[in-house]
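Enquirer: Structure file protein10.cif, mmCIF, C-alpha atoms, is pasted below:
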```
data_upload
loop_
_atom_site.label_atom_id
_atom_site.label_comp_id
_atom_site.auth_asym_id
_atom_site.auth_seq_id
_atom_site.Cartn_x
_atom_site.Cartn_y
_atom_site.Cartn_z
CA MET S 1386 0.00 0.00 0.00
CA ALA S 1387 1.43 3.39 -1.00
CA ALA S 1388 2.39 5.76 1.81
CA MET S 1389 0.03 8.69 2.40
CA SER S 1390 1.19 12.26 1.93
CA GLU S 1391 1.11 14.89 4.71
CA ASP S 1392 -2.09 16.48 3.35
CA GLU S 1393 -3.85 13.08 3.17
CA LYS S 1394 -2.92 12.41 6.80
CA ASP S 1395 -4.26 15.86 7.77
CA PHE S 1396 -7.50 15.13 5.91
CA LEU S 1397 -8.02 11.82 7.72
CA GLU S 1398 -7.34 13.33 11.14
CA LEU S 1399 -9.61 16.30 10.51
CA SER S 1400 -12.31 13.92 9.25
CA LYS S 1401 -12.12 11.98 12.50
CA MET S 1402 -12.60 15.22 14.44
CA GLY S 1403 -15.75 15.93 12.47
CA LYS S 1404 -17.55 19.20 12.15
CA GLY S 1405 -17.17 21.74 14.90
CA SER S 1406 -13.53 20.89 15.62
CA ASP S 1407 -11.75 23.57 17.60
CA GLN S 1408 -9.10 24.43 15.00
CA HIS S 1409 -7.68 27.96 14.66
CA CYS S 1410 -5.69 29.67 11.95
CA CYS S 1411 -2.29 31.01 13.08
CA VAL S 1412 -2.07 33.78 10.47
CA PRO S 1413 -2.17 37.33 11.95
CA ASN S 1414 -5.54 39.12 11.58
CA CYS S 1415 -7.28 35.84 10.63
CA ASN S 1416 -10.14 34.65 12.87
CA SER S 1417 -10.95 31.37 11.10
CA ASN S 1418 -12.28 28.78 13.53
CA GLY S 1419 -13.32 25.19 12.84
CA ARG S 1420 -16.53 25.66 14.86
CA ARG S 1421 -17.79 28.69 12.98
CA HIS S 1422 -16.30 28.65 9.48
CA GLN S 1423 -16.51 26.15 6.65
CA VAL S 1424 -12.81 26.11 5.80
CA SER S 1425 -10.11 23.47 5.79
CA PHE S 1426 -7.00 23.64 7.94
CA HIS S 1427 -3.51 22.57 6.89
CA ARG S 1428 -0.45 21.82 8.99
CA PHE S 1429 3.00 23.25 8.35
CA PRO S 1430 5.38 21.10 6.29
CA GLN S 1431 7.73 19.00 8.39
CA ALA S 1432 11.00 20.69 7.39
CA GLY S 1433 12.97 22.15 4.53
CA ALA S 1434 12.59 25.09 2.20
CA ARG S 1435 8.80 24.74 1.94
CA ARG S 1436 8.39 25.08 5.72
CA ASN S 1437 10.60 28.19 5.70
CA SER S 1438 8.52 29.62 2.84
CA TRP S 1439 5.35 29.20 4.92
CA ILE S 1440 6.93 30.92 7.92
CA GLN S 1441 8.13 33.83 5.82
CA ALA S 1442 4.78 34.13 4.05
CA ILE S 1443 2.67 34.45 7.23
CA ARG S 1444 5.13 36.97 8.74
CA ARG S 1445 5.55 35.26 12.10
CA ASP S 1446 8.97 34.31 13.44
CA PRO S 1447 9.20 31.16 15.61
CA GLY S 1448 10.05 32.08 19.17
CA PRO S 1449 8.66 32.27 22.72
CA LEU S 1450 5.33 33.67 21.45
CA PHE S 1451 4.92 31.39 18.44
CA ASN S 1452 5.79 27.69 18.54
CA ILE S 1453 5.01 25.52 15.51
CA ASN S 1454 3.71 22.07 16.45
CA ALA S 1455 1.18 19.48 15.29
CA TYR S 1456 -1.70 21.81 16.23
CA THR S 1457 -0.51 24.86 14.28
CA PHE S 1458 -2.68 25.35 11.18
CA VAL S 1459 -3.13 27.68 8.22
CA CYS S 1460 -6.66 27.82 6.85
CA SER S 1461 -7.64 27.43 3.20
CA LEU S 1462 -8.55 31.13 2.88
CA HIS S 1463 -4.86 31.93 2.46
CA PHE S 1464 -4.37 29.73 -0.61
CA ILE S 1465 -5.49 30.34 -4.18
CA ARG S 1466 -7.61 27.83 -6.07
CA GLU S 1467 -4.64 26.61 -8.10
CA ASP S 1468 -2.89 25.47 -4.90
CA PHE S 1469 -5.38 22.58 -4.43
CA LYS S 1470 -5.83 19.22 -6.13
CA TRP S 1471 -9.56 18.77 -6.69
CA THR S 1472 -11.34 15.39 -6.73
CA PRO S 1473 -15.04 14.51 -6.60
CA ILE S 1474 -14.65 13.57 -2.93
CA ARG S 1475 -12.20 16.08 -1.42
CA LYS S 1476 -9.44 18.59 -2.08
CA THR S 1477 -5.82 18.47 -0.94
CA LEU S 1478 -2.91 20.87 -1.11
CA LYS S 1479 -0.31 20.46 -3.79
CA ALA S 1480 3.19 19.55 -2.71
CA ASP S 1481 4.60 22.98 -3.62
CA ALA S 1482 1.71 25.11 -2.34
CA VAL S 1483 2.56 28.22 -0.27
CA PRO S 1484 0.02 30.60 1.35
CA THR S 1485 -0.17 33.90 -0.53
CA VAL S 1486 -3.54 35.48 0.35
CA PHE S 1487 -3.43 37.75 3.43
CA SER S 1488 -5.04 40.91 4.74
CA TRP S 1489 -1.89 42.91 4.02
CA THR S 1490 -1.63 41.89 0.37
CA ARG S 1491 -3.15 44.20 -2.21
CA ASP S 1492 -4.29 41.66 -4.79
CA PHE S 1493 -6.08 38.52 -3.64
CA THR S 1494 -6.35 36.91 -7.06
CA PRO S 1495 -3.51 36.49 -9.55
CA ARG S 1496 -3.65 38.54 -12.68
CA ARG S 1497 -4.18 36.86 -16.01
CA GLU S 1498 -0.91 36.16 -17.75
CA LEU S 1499 -0.35 37.89 -21.06
CA PHE S 1500 1.36 35.92 -23.79
CA LYS S 1501 3.22 37.67 -26.58
CA HIS S 1502 3.37 35.81 -29.87
CA ILE S 1503 6.84 35.97 -31.37
CA THR S 1504 6.96 36.34 -35.13
CA PRO S 1505 9.39 34.08 -36.98
CA ASN S 1506 11.17 37.01 -38.64
CA LYS S 1507 12.07 38.78 -35.34
CA LYS S 1508 13.92 36.82 -32.69
CA PRO S 1509 14.10 38.17 -29.15
CA LYS S 1510 17.49 39.35 -28.00
CA LEU S 1511 18.60 37.34 -24.97
CA LYS S 1512 20.94 38.87 -22.44
CA SER S 1513 24.12 37.03 -21.66
CA GLU S 1514 24.83 35.77 -18.16
CA ASN S 1515 27.37 38.55 -17.61
CA GLU S 1516 24.86 41.27 -18.58
CA THR S 1517 22.22 39.80 -16.28
CA LEU S 1518 24.71 39.63 -13.40
CA LEU S 1519 25.81 43.24 -13.94
CA ASP S 1520 22.19 44.43 -13.96
CA SER S 1521 21.42 42.65 -10.69
CA ILE S 1522 24.56 44.04 -9.04
CA SER S 1523 23.75 47.60 -10.14
CA GLU S 1524 20.19 47.27 -8.76
CA GLU S 1525 21.51 46.08 -5.38
CA VAL S 1526 24.04 48.95 -5.23
CA ASN S 1527 21.30 51.50 -5.99
CA GLN S 1528 19.07 50.01 -3.30
CA GLU S 1529 21.88 50.16 -0.72
CA GLU S 1530 22.61 53.79 -1.62
CA ASP S 1531 18.92 54.68 -1.24
CA ILE S 1532 18.79 52.98 2.16
CA GLN S 1533 21.94 54.75 3.36
CA GLU S 1534 20.59 58.14 2.25
CA SER S 1535 17.22 57.50 3.95
CA GLU S 1536 18.85 56.38 7.22
CA GLU S 1537 20.63 59.71 7.60
CA HIS S 1538 17.39 61.69 7.97
CA LEU S 1539 13.90 61.15 9.29
CA ARG S 1540 11.30 60.23 6.71
CA ASN S 1541 9.04 62.98 7.99
CA PRO S 1542 10.89 66.21 7.10
CA ARG S 1543 8.84 68.50 9.33
CA PHE S 1544 10.52 67.09 12.46
CA SER S 1545 13.96 67.74 10.96
CA ASN S 1546 13.21 71.47 10.78
CA ASP S 1547 11.38 71.91 14.09
CA ASP S 1548 13.50 71.70 17.25
CA ALA S 1549 10.45 72.27 19.44
CA MET S 1550 8.78 69.12 18.07
CA ILE S 1551 12.03 67.15 18.53
CA MET S 1552 12.17 68.33 22.15
CA PHE S 1553 8.55 67.36 22.74
CA TYR S 1554 8.72 63.87 21.21
CA THR S 1555 12.31 62.78 22.05
CA GLY S 1556 13.66 64.91 24.89
CA PHE S 1557 16.60 66.14 22.79
CA SER S 1558 16.80 69.94 22.68
CA THR S 1559 17.63 70.13 18.94
CA TYR S 1560 17.49 67.92 15.86
CA ALA S 1561 21.28 68.24 15.50
CA LEU S 1562 21.74 66.77 18.97
CA PHE S 1563 19.35 63.91 18.16
CA LEU S 1564 21.22 63.25 14.90
CA ALA S 1565 24.58 63.26 16.73
CA PHE S 1566 23.31 60.65 19.17
CA PHE S 1567 22.03 58.49 16.32
CA ASN S 1568 25.37 58.69 14.52
CA TYR S 1569 27.04 57.54 17.75
CA VAL S 1570 24.92 54.38 18.16
CA GLN S 1571 24.37 53.60 14.46
CA PRO S 1572 27.49 51.43 13.89
CA ALA S 1573 26.47 49.05 16.68
CA ALA S 1574 22.75 49.30 15.89
CA ASN S 1575 23.29 47.96 12.38
CA SER S 1576 24.15 44.54 13.84
CA MET S 1577 21.85 44.39 16.88
CA THR S 1578 19.81 41.20 17.32
CA SER S 1579 16.02 41.29 17.33
CA TYR S 1580 14.11 40.60 20.53
CA TYR S 1581 12.80 37.22 19.35
CA TYR S 1582 16.29 35.71 19.13
CA LYS S 1583 18.34 34.60 22.13
CA ALA S 1584 22.12 34.64 22.33
CA THR S 1585 22.24 30.84 22.03
CA ASP S 1586 19.85 30.63 19.08
CA THR S 1587 21.00 29.91 15.55
CA ILE S 1588 19.41 32.59 13.37
CA ASN S 1589 18.08 31.24 10.07
CA LEU S 1590 18.52 34.09 7.61
CA SER S 1591 16.31 32.35 5.06
CA VAL S 1592 13.20 33.02 7.16
CA SER S 1593 14.19 36.37 8.69
CA ARG S 1594 12.31 39.44 7.54
CA GLN S 1595 13.63 42.47 5.77
CA ARG S 1596 13.83 45.64 7.86
CA THR S 1597 10.47 47.42 7.69
CA MET S 1598 11.80 50.75 9.02
CA VAL S 1599 15.07 52.62 8.72
CA LEU S 1600 17.16 52.77 11.88
CA ILE S 1601 16.69 56.48 12.56
CA ASP S 1602 12.90 56.07 12.43
CA GLU S 1603 13.14 53.10 14.82
CA LEU S 1604 15.11 55.23 17.29
CA PHE S 1605 12.66 58.11 16.88
CA MET S 1606 9.73 55.76 17.55
CA PHE S 1607 11.46 54.37 20.67
CA LEU S 1608 12.06 57.88 22.02
CA CYS S 1609 8.41 58.83 21.35
CA ARG S 1610 7.36 55.87 23.47
CA LEU S 1611 9.85 56.79 26.21
CA LYS S 1612 9.21 60.55 26.32
CA CYS S 1613 5.48 60.80 25.56
CA GLY S 1614 4.30 57.37 26.70
CA LEU S 1615 2.41 56.76 23.44
CA PHE S 1616 0.56 53.45 23.18
CA GLU S 1617 1.89 50.77 20.86
CA GLN S 1618 -1.30 50.86 18.78
CA ASP S 1619 -0.88 54.62 18.36
CA LEU S 1620 2.74 54.19 17.26
CA ALA S 1621 1.74 51.45 14.82
CA CYS S 1622 -0.74 53.83 13.21
CA ARG S 1623 1.71 56.75 13.11
CA PHE S 1624 4.58 54.74 11.58
CA ASN S 1625 2.38 52.51 9.38
CA VAL S 1626 3.58 49.17 10.80
CA HIS S 1627 1.98 46.27 12.68
CA VAL S 1628 1.56 46.44 16.46
CA SER S 1629 3.74 43.35 16.95
CA THR S 1630 6.49 45.06 14.95
CA VAL S 1631 6.30 48.08 17.25
CA SER S 1632 6.50 45.89 20.35
CA ARG S 1633 9.46 43.91 19.01
CA LYS S 1634 11.42 47.02 18.01
CA LEU S 1635 10.77 48.80 21.33
CA ILE S 1636 12.09 45.86 23.34
CA THR S 1637 15.06 45.45 20.99
CA TRP S 1638 16.09 49.12 21.27
CA SER S 1639 15.56 49.11 25.04
CA ASN S 1640 17.93 46.17 25.50
CA PHE S 1641 20.41 47.60 23.00
CA LEU S 1642 20.63 51.07 24.56
CA TYR S 1643 20.85 49.58 28.06
CA PHE S 1644 24.09 47.79 27.15
CA VAL S 1645 25.54 50.51 24.91
CA LEU S 1646 24.92 53.47 27.24
CA GLY S 1647 25.49 51.40 30.38
CA SER S 1648 29.05 50.68 29.30
CA ILE S 1649 30.00 54.38 29.32
CA ASN S 1650 32.02 55.42 32.38
CA ILE S 1651 30.44 58.61 33.75
CA TRP S 1652 32.24 58.61 37.12
CA PRO S 1653 34.77 61.52 37.16
CA THR S 1654 38.06 61.65 39.01
CA ARG S 1655 38.61 63.71 42.13
CA LYS S 1656 40.70 66.19 40.15
CA GLN S 1657 37.90 66.72 37.62
CA ILE S 1658 35.45 67.35 40.47
CA GLN S 1659 37.78 69.91 42.08
CA ASN S 1660 38.37 71.77 38.81
CA LYS S 1661 34.64 72.30 38.19
CA MET S 1662 33.46 72.69 41.79
CA PRO S 1663 31.38 75.86 42.42
CA GLN S 1664 32.76 78.42 44.84
CA VAL S 1665 30.04 77.82 47.47
CA PHE S 1666 31.11 74.17 47.75
CA LYS S 1667 34.80 75.15 47.95
CA THR S 1668 33.97 77.44 50.85
CA LEU S 1669 31.55 75.27 52.87
CA TYR S 1670 31.99 71.61 51.76
CA PRO S 1671 35.25 71.35 49.79
CA THR S 1672 35.56 67.55 50.07
CA THR S 1673 32.14 66.81 48.56
CA ARG S 1674 32.44 64.17 45.82
CA VAL S 1675 28.79 63.32 45.16
CA ILE S 1676 25.28 64.44 46.13
CA ILE S 1677 22.88 61.48 46.39
CA ASP S 1678 19.19 60.78 46.73
CA CYS S 1679 16.84 57.86 46.04
CA THR S 1680 13.81 57.90 43.76
CA GLU S 1681 10.96 55.44 43.27
CA ILE S 1682 9.23 54.37 40.06
CA PRO S 1683 5.74 52.81 40.22
CA THR S 1684 5.27 49.32 38.85
CA GLU S 1685 2.51 46.77 38.43
CA ARG S 1686 1.52 44.57 41.34
CA PRO S 1687 3.54 41.31 41.18
CA SER S 1688 1.59 38.06 41.14
CA SER S 1689 4.08 36.43 43.52
CA LEU S 1690 3.24 37.06 47.18
CA ALA S 1691 6.94 37.31 48.09
CA LEU S 1692 7.66 39.91 45.39
CA ASN S 1693 4.41 41.65 46.26
CA SER S 1694 5.66 42.22 49.79
CA LYS S 1695 9.19 43.23 48.70
CA CYS S 1696 8.02 45.73 46.08
CA TYR S 1697 5.50 47.49 48.32
CA SER S 1698 6.72 50.92 49.43
CA THR S 1699 5.24 52.28 52.65
CA TYR S 1700 6.45 55.77 51.67
CA LYS S 1701 4.56 55.76 48.34
CA SER S 1702 1.78 53.38 49.46
CA THR S 1703 2.11 51.41 46.23
CA HIS S 1704 4.43 48.91 44.50
CA THR S 1705 7.63 50.54 43.27
CA PHE S 1706 11.20 50.01 42.15
CA LYS S 1707 13.87 52.12 43.83
CA SER S 1708 17.11 53.57 42.52
CA LEU S 1709 19.92 55.76 43.84
CA VAL S 1710 20.98 58.80 41.79
CA GLY S 1711 24.16 60.81 42.32
CA ILE S 1712 25.34 64.13 40.85
CA ALA S 1713 28.59 66.06 41.08
CA PRO S 1714 28.71 69.43 42.93
CA HIS S 1715 28.69 71.25 39.56
CA GLY S 1716 25.44 69.45 38.55
CA ALA S 1717 26.58 66.65 36.21
CA LEU S 1718 24.91 63.24 36.57
CA ILE S 1719 27.69 60.82 37.59
CA PHE S 1720 26.00 57.78 39.17
CA ILE S 1721 22.82 55.74 38.61
CA SER S 1722 22.33 52.47 40.48
CA SER S 1723 20.38 49.42 39.43
CA LEU S 1724 16.73 49.11 40.41
CA TYR S 1725 15.87 47.59 43.78
CA THR S 1726 12.55 46.64 45.36
CA GLY S 1727 10.56 49.45 46.94
CA SER S 1728 10.74 48.04 50.48
CA MET S 1729 14.54 48.49 50.72
CA SER S 1730 15.86 51.41 52.74
CA ASP S 1731 18.10 54.16 51.40
CA VAL S 1732 20.97 52.94 53.58
CA GLU S 1733 20.74 49.35 52.31
CA ILE S 1734 20.68 50.49 48.66
CA THR S 1735 23.75 52.69 49.27
CA LYS S 1736 25.53 49.69 50.76
CA LEU S 1737 24.72 47.36 47.83
CA CYS S 1738 24.84 49.65 44.78
CA GLY S 1739 28.65 49.99 44.64
CA LEU S 1740 28.86 53.74 45.30
CA VAL S 1741 31.08 53.37 48.38
CA GLU S 1742 33.65 51.37 46.39
CA LEU S 1743 34.01 54.28 43.92
CA LEU S 1744 34.78 56.84 46.64
CA GLU S 1745 38.26 57.51 48.02
CA GLU S 1746 39.52 58.24 51.49
CA GLY S 1747 38.90 61.87 52.36
CA ASP S 1748 35.79 62.21 50.18
CA SER S 1749 32.41 63.25 51.57
CA ILE S 1750 28.82 62.57 50.54
CA MET S 1751 25.96 65.07 50.75
CA ALA S 1752 22.51 63.57 51.39
CA ASP S 1753 19.27 64.08 53.29
CA LYS S 1754 18.34 62.71 56.72
CA GLY S 1755 17.32 59.30 55.37
CA PHE S 1756 20.96 58.36 54.72
CA VAL S 1757 22.31 57.37 58.12
CA LEU S 1758 25.59 55.95 56.79
CA ASN S 1759 27.76 55.95 59.91
CA ASN S 1760 27.96 52.14 60.06
CA VAL S 1761 28.33 51.73 56.31
CA LEU S 1762 31.21 54.23 56.07
CA SER S 1763 32.94 53.13 59.27
CA GLY S 1764 36.69 52.64 58.70
CA THR S 1765 36.65 53.95 55.09
CA GLY S 1766 37.73 57.53 55.78
CA ILE S 1767 34.60 58.78 53.99
CA THR S 1768 32.20 61.21 55.69
CA VAL S 1769 28.60 62.19 55.05
CA ASN S 1770 27.04 65.66 55.31
CA THR S 1771 23.37 65.56 56.29
CA PRO S 1772 21.07 68.05 58.02
CA PRO S 1773 21.28 67.81 61.84
CA PHE S 1774 18.76 65.69 63.76
CA LEU S 1775 16.55 67.16 66.49
CA MET S 1776 16.93 64.09 68.76
CA ASN S 1777 15.82 64.93 72.32
CA LYS S 1778 16.42 68.64 71.98
CA GLY S 1779 13.45 70.95 72.12
CA GLN S 1780 14.45 72.95 69.08
CA PHE S 1781 17.32 73.51 66.68
CA THR S 1782 19.97 76.07 67.43
CA LYS S 1783 20.55 78.99 65.08
CA GLN S 1784 23.66 77.31 63.69
CA GLU S 1785 21.77 74.04 63.03
CA VAL S 1786 18.97 75.86 61.24
CA GLU S 1787 21.47 77.65 59.00
CA GLU S 1788 23.26 74.35 58.30
CA THR S 1789 19.95 72.67 57.39
CA GLN S 1790 19.04 75.48 55.00
CA THR S 1791 22.50 75.47 53.40
CA ILE S 1792 22.49 71.72 52.74
CA ALA S 1793 18.92 71.84 51.42
CA ARG S 1794 19.84 74.68 49.07
CA LEU S 1795 22.86 72.80 47.71
CA ARG S 1796 21.33 69.33 47.33
CA ILE S 1797 18.17 70.56 45.56
CA HIS S 1798 19.95 70.02 42.24
CA VAL S 1799 19.76 66.24 42.57
CA GLU S 1800 15.99 66.58 42.96
CA ARG S 1801 15.89 68.53 39.70
CA HIS S 1802 17.77 65.76 37.90
CA ILE S 1803 15.28 63.22 39.22
CA ARG S 1804 12.42 65.45 38.08
CA ARG S 1805 13.83 65.38 34.53
CA VAL S 1806 13.57 61.57 34.59
CA LYS S 1807 10.02 61.69 35.94
CA GLU S 1808 8.99 64.00 33.08
CA PHE S 1809 9.27 61.02 30.72
CA HIS S 1810 5.66 59.86 30.63
CA LEU S 1811 6.55 56.19 30.16
CA LEU S 1812 7.31 56.17 33.89
CA THR S 1813 4.22 58.15 34.94
CA ASP S 1814 1.30 57.19 32.71
CA LEU S 1815 2.06 53.52 31.97
CA TYR S 1816 0.44 52.07 35.07
CA LEU S 1817 -2.43 54.49 35.59
#
```
Would you write out, as structure tokens, the structure that this file holds?

Expert:
Amino acid sequence: MAAMSEDEKDFLELSKMGKGSDQHCCVPNCNSNGRRHQVSFHRFPQAGARRNSWIQAIRRDPGPLFNINAYTFVCSLHFIREDFKWTPIRKTLKADAVPTVFSWTRDFTPRRELFKHITPNKKPKLKSENETLLDSISEEVNQEEDIQESEEHLRNPRFSNDDAMIMFYTGFSTYALFLAFFNYVQPAANSMTSYYYKATDTINLSVSRQRTMVLIDELFMFLCRLKCGLFEQDLACRFNVHVSTVSRKLITWSNFLYFVLGSINIWPTRKQIQNKMPQVFKTLYPTTRVIIDCTEIPTERPSSLALNSKCYSTYKSTHTFKSLVGIAPHGALIFISSLYTGSMSDVEITKLCGLVELLEEGDSIMADKGFVLNNVLSGTGITVNTPPFLMNKGQFTKQEVEETQTIARLRIHVERHIRRVKEFHLLTDLYL
């Protein structure tokens, strides 16, 4: 008895299920269901070039969110009539059939082929292999030049000429500054790996998609999300791409910029601090190396009870992540710690974040009253300047009041740096 093909096996199994089987089509924007629609469902080919052609055609990359197995189907609505073998009893897919009908395609039916009758007197001139190769090479070179030219500027020219719009959507004060930042990260961004691939995965280039957006537009879209907190559906409409594409590119750029910008050393030397220290610090607190404060960012409520308790902040009365920020006396941002759970104290974060290891003997830290660092800094030769505590005294002395006002006036700049971060609406409107 001859062995059955894959489509014949699918037909027999679907026949056993009968009508009303709970089969679903895996193609994006397709709602075909075996219980409600009179369509046939077809499994992916086992392996080889035909399987890769199916994956590329439906525009879904295999990964954590899409796993192809025996219950992954493509319905018959995505094939043309010529893809089936018709018999009086049933229809089956041809061995070389590939889905071509989708919601994003313009033409759902193939156009009629036009045949040109060649007269015997005139023979068509055939190009040689060398001419054909030269034509293909010239086309590829022209396409690369067009892509390079388009990646140097935004596709929407009105943003290139309006610094106020650039400031509103990206946080950069001018378009020239935004372009300078893009030119800095572009060499590494050209080879960054998409979110759906892991470091240990083998990337199959035969099924990978072509880039749907130029790099500078991807960065601009990421900054719009970060600065204005725009929804992914809104960004998909503005940039004329699918929502899943927006999500994938946002996560990819977030991971990429975390590693690229996180590798930059922003901690200055003691000599650099002294050279740029304002006169008021030289007079009152000449050994100040860094001014620190902690800030909290709201987050969703964790499903784990243990994380739920650790992330809850009694100060904010909600679930937060906490970070320590440090600036130099002249106002430059020189330290940002990792994120910690909201229940951790300022002292514990200072102990764990690595700030103490960067300081040298003879340095001093300026902070508010929440940073009681006497035990943490014991034996290091590092001091901390904080406003005086009232303790059991009835009231502050005149000298203590003046010291409190002086420290508050000098350390207010770290609060202004934190405010600049909080102005990015991704951190304020995302969880409302």

Enquirer: Contacts of region 1446-1462 of chain S at 8 Å or less, counting all atoms listed in the file, minus same-chain residues fewer than 2 places along, as a list in words?

Expert: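 Answer for this query is Gln1408, His1409, Cys1410, Cys1411, Val1412, Ser1417, Val1424, Ser1425, Phe1426, His1427, Arg1428, Phe1429, Ile1440, Gln1441, Arg1444, Phe1464, Ile1465, Val1486, Tyr1581, Tyr1582, Val1592 and Ser1593 of chain S.
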
Enquirer: When distances are computed from all atoms listed in the file, which of S:Leu1737, S:Met1606, S:Leu1744, S:Ile1767 shows the smallest separation from Tyr1554 (chain S)?

Expert: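 The answer is S:Met1606, which sits nearest to Tyr1554 (chain S).
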
Enquirer: The PyMOL selection byres ((chain S and resi 1721) around 9) - which residues does that actually catch in the file I just gave you? List them as a tab-separated table (two decimals) with C-alpha atoms, in the frame of the given file.

Expert:
```tsv
chain	number	residue	atom	x	y	z
S	1708	SER	CA	17.11	53.57	42.52
S	1709	LEU	CA	19.92	55.76	43.84
S	1710	VAL	CA	20.98	58.80	41.79
S	1711	GLY	CA	24.16	60.81	42.32
S	1718	LEU	CA	24.91	63.24	36.57
S	1719	ILE	CA	27.69	60.82	37.59
S	1720	PHE	CA	26.00	57.78	39.17
S	1722	SER	CA	22.33	52.47	40.48
S	1723	SER	CA	20.38	49.42	39.43
S	1738	CYS	CA	24.84	49.65	44.78
```

Enquirer: Between S:Ile1712, S:Ala1621, S:Val1626, S:Cys1696, single out the one closest to Thr1726 (chain S), counting all atoms listed in the file.

Expert: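 Ranked by minimum distance to Thr1726 (chain S), first place goes to S:Cys1696.
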
Enquirer: Of the residues S:Pro1653, S:Thr1578, S:Lys1612, S:Asp1753, which is the one nearest to Phe1557 (chain S), using all atoms listed in the file?

Expert: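 Of S:Pro1653, S:Thr1578, S:Lys1612, S:Asp1753, the one nearest Phe1557 (chain S) is S:Lys1612, counting all atoms listed in the file.
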
Enquirer: So, with all atoms listed in the file as the atoms that count, which of S:Ile1676, S:Arg1435, S:Glu1745, S:Arg1623 lies closest to Thr1654 (chain S)?

Expert: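 For Thr1654 (chain S), the nearest of the candidates is S:Glu1745.
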
Enquirer: Report the distance between CA of Glu1785 (chain S) and CA of Asn1770 (chain S) in Å, rounded to one decimal place.

Expert: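 A separation of 12.6 Å between them.
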
Enquirer: When the PyMOL selection byres ((chain S and resi 1733-1735) around 12) is applied to the structure above, which residues does it catch, written out as a ChimeraX atom specification?

Expert: /S:1677-1680,1706-1711,1720-1732,1736-1743,1750,1752,1755-1762

Enquirer: Atoms to include: C-alpha atoms. Write the selected residues as an mmCIF file, keeping the file's coordinate frame.

Expert:
```
data_model
loop_
_atom_site.group_PDB
_atom_site.id
_atom_site.type_symbol
_atom_site.label_atom_id
_atom_site.label_comp_id
_atom_site.auth_asym_id
_atom_site.auth_seq_id
_atom_site.Cartn_x
_atom_site.Cartn_y
_atom_site.Cartn_z
ATOM 1 C CA ILE S 1677 22.880 61.480 46.390
ATOM 2 C CA ASP S 1678 19.190 60.780 46.730
ATOM 3 C CA CYS S 1679 16.840 57.860 46.040
ATOM 4 C CA THR S 1680 13.810 57.900 43.760
ATOM 5 C CA PHE S 1706 11.200 50.010 42.150
ATOM 6 C CA LYS S 1707 13.870 52.120 43.830
ATOM 7 C CA SER S 1708 17.110 53.570 42.520
ATOM 8 C CA LEU S 1709 19.920 55.760 43.840
ATOM 9 C CA VAL S 1710 20.980 58.800 41.790
ATOM 10 C CA GLY S 1711 24.160 60.810 42.320
ATOM 11 C CA PHE S 1720 26.000 57.780 39.170
ATOM 12 C CA ILE S 1721 22.820 55.740 38.610
ATOM 13 C CA SER S 1722 22.330 52.470 40.480
ATOM 14 C CA SER S 1723 20.380 49.420 39.430
ATOM 15 C CA LEU S 1724 16.730 49.110 40.410
ATOM 16 C CA TYR S 1725 15.870 47.590 43.780
ATOM 17 C CA THR S 1726 12.550 46.640 45.360
ATOM 18 C CA GLY S 1727 10.560 49.450 46.940
ATOM 19 C CA SER S 1728 10.740 48.040 50.480
ATOM 20 C CA MET S 1729 14.540 48.490 50.720
ATOM 21 C CA SER S 1730 15.860 51.410 52.740
ATOM 22 C CA ASP S 1731 18.100 54.160 51.400
ATOM 23 C CA VAL S 1732 20.970 52.940 53.580
ATOM 24 C CA LYS S 1736 25.530 49.690 50.760
ATOM 25 C CA LEU S 1737 24.720 47.360 47.830
ATOM 26 C CA CYS S 1738 24.840 49.650 44.780
ATOM 27 C CA GLY S 1739 28.650 49.990 44.640
ATOM 28 C CA LEU S 1740 28.860 53.740 45.300
ATOM 29 C CA VAL S 1741 31.080 53.370 48.380
ATOM 30 C CA GLU S 1742 33.650 51.370 46.390
ATOM 31 C CA LEU S 1743 34.010 54.280 43.920
ATOM 32 C CA ILE S 1750 28.820 62.570 50.540
ATOM 33 C CA ALA S 1752 22.510 63.570 51.390
ATOM 34 C CA GLY S 1755 17.320 59.300 55.370
ATOM 35 C CA PHE S 1756 20.960 58.360 54.720
ATOM 36 C CA VAL S 1757 22.310 57.370 58.120
ATOM 37 C CA LEU S 1758 25.590 55.950 56.790
ATOM 38 C CA ASN S 1759 27.760 55.950 59.910
ATOM 39 C CA ASN S 1760 27.960 52.140 60.060
ATOM 40 C CA VAL S 1761 28.330 51.730 56.310
ATOM 41 C CA LEU S 1762 31.210 54.230 56.070
#
```

Enquirer: Could you tell me which residues the PyMOL selection byres ((chain S and resi 1627) around 12) grabs in this file, written as a PyMOL selection string?

Expert: chain S and resi 1413-1414+1444-1445+1488-1489+1597-1598+1617-1626+1628-1634

Enquirer: Within 8 Å of region 1658-1663 of chain S, counting only C-alpha atoms, which residues show up once you throw out same-chain ones fewer than 4 positions away? Write them as a ChimeraX atom specification, please.

Expert: /S:1653-1654,1667,1674,1713-1715

Enquirer: Rounded to one decimal in Å, what is the spacing between CA of Leu1615 (chain S) and CA of Trp1638 (chain S)?

Expert: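 About the pair CA of Leu1615 (chain S) and CA of Trp1638 (chain S): they are 15.8 Å apart.
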
Enquirer: Using all atoms listed in the file for the distances, tell me which of S:Arg1655, S:Ser1694, S:Phe1666, S:Glu1685 is nearest to Glu1746 (chain S).

Expert: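 Smallest separation from Glu1746 (chain S) among the options: S:Arg1655.
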